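**Q** Below is one structure. I have some questions about it.
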Amino acid sequence: MSQDTQTLLDLANRYLFQNYARAPLCLVRGEGARVWDSDGKEYLDFVAGIAVDALGHCHPKIVGAIREQATTLLQVSNLYQIPSQIHLAKLLCDHSFADRAFFCNSGTEANEAAIKLARKHAKETRSSDCVDIVTMRGAFHGRTMGALSATPTEKYQHGFEPLLPGFKYVPFGNLRAVERAVDNRTAAILVEPIQGEGGVNVAPDGYLPGLRRICDETGALLMFDEIQTGMARTGRLWAYQHWDVEPDVMTLAKALASGIPIGAMLARESCARVMVAGTHGTTFGGNPFATTVGLATVMTMLEDKLPERADRVGAYLVERLRGLAHRVPGIKEVRGKGLLLGIELDRPAAPLVTACRDGGLLVLTAGDTVLRMTPPLVIDEADVDRAVGIVEGVLRGGQG
Ligand SMILES: Cc1ncc(COP(=O)(O)O)c(C=O)c1O
C-alpha cells in the first residue's frame, strides 16, 4: 500500500466520492495531542476528529481495550445480551438524568432514534396527530433524512427534498419564538446546548430552563443533542449540567468510544418504555467491540477527571485567546465552554485554517467566520501556549 502523499491524493481524486472538501494531507499516525502526516510532518491536533478523540490518540487504556476485545469477541447481534453494552448503559445512566440507553453507530442514527421515540411517545400518551418537532436555526443534527429534516440549513438540505414533514424551525436562543411555535401537535423540542457546527453558539442563560418549562407545561419531550457537547467536552460530563436543567432524552456519539463508531440515545423510563420489542434496532449498534471501548473511554474520563481538566485548561485557552484578541487585529469574540471553543473573526475562517495547518496546528471552522477548536481533553497548558503562538503568527500575517 503506497504511503506516498501525491500518489494517495491522485488515487483519492480518482476513486473516492468527492463529497468532502478535504485538506491535501494524509494523517497516518497519532499520539496524545499530536498527529503526523504521510510526509512525516508533525501537527498539534486541535480538531481531534471533530471532538471525538477526547482521550488523545492511541491512549494506552483504549489501545489495551481494543487489543483485548479484538481477540475475544467483536459482534454477536442484539438477538443476545451483550455484557459490555449492559455495563456501558448502567455507567451512563448512573452519571446522568437517564434510566435507559439504546446504542447505535453514529450521531445521526442516535437522532433518528430520538425522533422516532418522540413521535411514538406523543402518539401513545397524547394524540395521533402529535408529531411535530421544534428545532433551532443553526442546528446540526446529522445527514440522514430525519436528522437532516431537523437541520434547517440550506446548504445541507438543498437537493434532498422532500424532507420529512413535521419539523418547525425557530431562531436559537429565542424563548418567545419557541412559545409561539409549540402547540398541542408538538411532540418534542430538539436542541444542542451549544451549537457546534452552527458557530459554537452557547445557549443564553435561562434558555434551556425556559425550554424545560415549556415542555413541562405542554407534555412535549425535551431532547438534548449532546453529540458534540457531551463526554466532558464542555467542562462538565454533559453540557446541560452548566444550566441546572435535565432533558427527557439525550443523544450521544463522537467521543463515546474514542473513535470506534458508536451512538447512543439515553432517556427517562417514562418515554423509553414506548420503544417495546421490535420498534427499533440496528445490526451493529451496541456490539461487544464498540461498547467495550465505550466503557473504557467513559471510565477513563471519570477516573482521570477529564471534565474538570477540560474546564481548567479550557479557561486557560480562553484567557490566552482573549489576550491575543487585544494584541492582534481580527478576533471579534472568543466563546464556548471547556474545550469547545469558537473564535469569531472579522473575515472568513477557512484561509486561517489552512495557514494554521501550514504552521503545524490543526483547527477547523464552524460556519464561515468562526475558527473552532476541539482539542483532545488531555492537552496541557504548554500545548495551549504553542497553539496560541501559531494562531498569533498567522493573524500577524506570518506563519506561526
Ligand atoms: C451536534 C451534532 N449532532 C449530530 C451530529 C451527527 O453525527 P454523525 O456525524 O456521527 O452522524 C453531529 C456531527 O457533527 C453533531 O455535531
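Scheme for the C-alpha cells: letters A, B, ... for chains in order shown; per-chain residue numbers from 1; ligand numbers from 1 in order shown.
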Given a cut-off of 10 Å, what residues near ligand 1 show up using only C-alpha atoms and all ligand atoms, put as a ChimeraX atom specification?
**A** /A:49-52,105-112,139-144,147-148,151,191-198,224-230,251-255,261-263
**Q** With a distance cut-off of 8 Å and only C-alpha atoms, select the neighbouring residues of Ala387 of chain A, excluding the residue or stretch itself and same-chain residues fewer than 3 positions from it, and output the selection as a list in words.
**A** Leu44, Leu361, Asp383, Val384, Ile390 and Val391 of chain A
**Q** Report as a ChimeraX atom specification all protein, DNA and RNA residues lying within 9 Å of segment 337-341 of chain A, evaluated on only C-alpha atoms, omitting residues in the same chain fewer than 2 positions from it.
**A** /A:51,194,196,200,202,228-229,232-236,239,307-315,317-318,334-335,343,371-377
**Q** Do you know which residues are at most 8 Å from Gly330 of chain A counting only C-alpha atoms, after dropping those on the same chain fewer than 4 positions away, and could you put them as a PyMOL selection string?
**A** chain A and resi 325+345-347+395
**Q** Can you spit out the residues from that selection as a tab-separated table (two decimals), in the first residue's frame, using N, CA, C and O atoms?
**A**
```tsv
chain	number	residue	atom	x	y	z
A	325	ALA	N	-6.60	38.56	21.39
A	325	ALA	CA	-7.54	39.48	20.74
A	325	ALA	C	-7.18	40.94	21.02
A	325	ALA	O	-7.47	41.83	20.21
A	345	LEU	N	-14.12	35.67	13.85
A	345	LEU	CA	-13.16	36.53	13.17
A	345	LEU	C	-13.88	37.62	12.37
A	345	LEU	O	-15.08	37.51	12.11
A	346	ASP	N	-13.11	38.60	11.96
A	346	ASP	CA	-13.71	39.64	11.12
A	346	ASP	C	-13.55	39.31	9.64
A	346	ASP	O	-13.67	40.18	8.79
A	347	ARG	N	-13.26	38.04	9.36
A	347	ARG	CA	-13.00	37.61	7.97
A	347	ARG	C	-13.31	36.11	7.86
A	347	ARG	O	-13.49	35.44	8.89
A	395	LEU	N	-2.30	35.28	12.42
A	395	LEU	CA	-3.06	36.54	12.39
A	395	LEU	C	-2.17	37.74	12.13
A	395	LEU	O	-2.61	38.76	11.59
```
**Q** Excluding Lys61 of chain A and residues on its chain fewer than 6 positions from it, collect all residues at most 12 Å away from it, counting only C-alpha atoms, and give them as a PyMOL selection string.
**A** chain A and resi 55+67-68+257-258+292-301+303-304
**Q** Counting only C-alpha atoms, figure out which residue out of A:Pro247, A:Gly159, A:Gly64, A:Pro209 gets nearest to Arg268 of chain A.
**A** A:Pro247
**Q** Per DSSP on the backbone, filter segment 28-254 of chain A down to the residues in helix (DSSP H, G or I) and report them as a ChimeraX atom specification.
**A** /A:48-51,60-70,83-94,107-125,145-149,154-157,175-181,207-218,239-242,254
**Q** Counting only C-alpha atoms, figure out which residue out of A:Cys58, A:Val394, A:Val63, A:Ile133 gets nearest to Leu221 of chain A.
**A**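 Among A:Cys58, A:Val394, A:Val63, A:Ile133, it is A:Ile133 that comes nearest to Leu221 of chain A.
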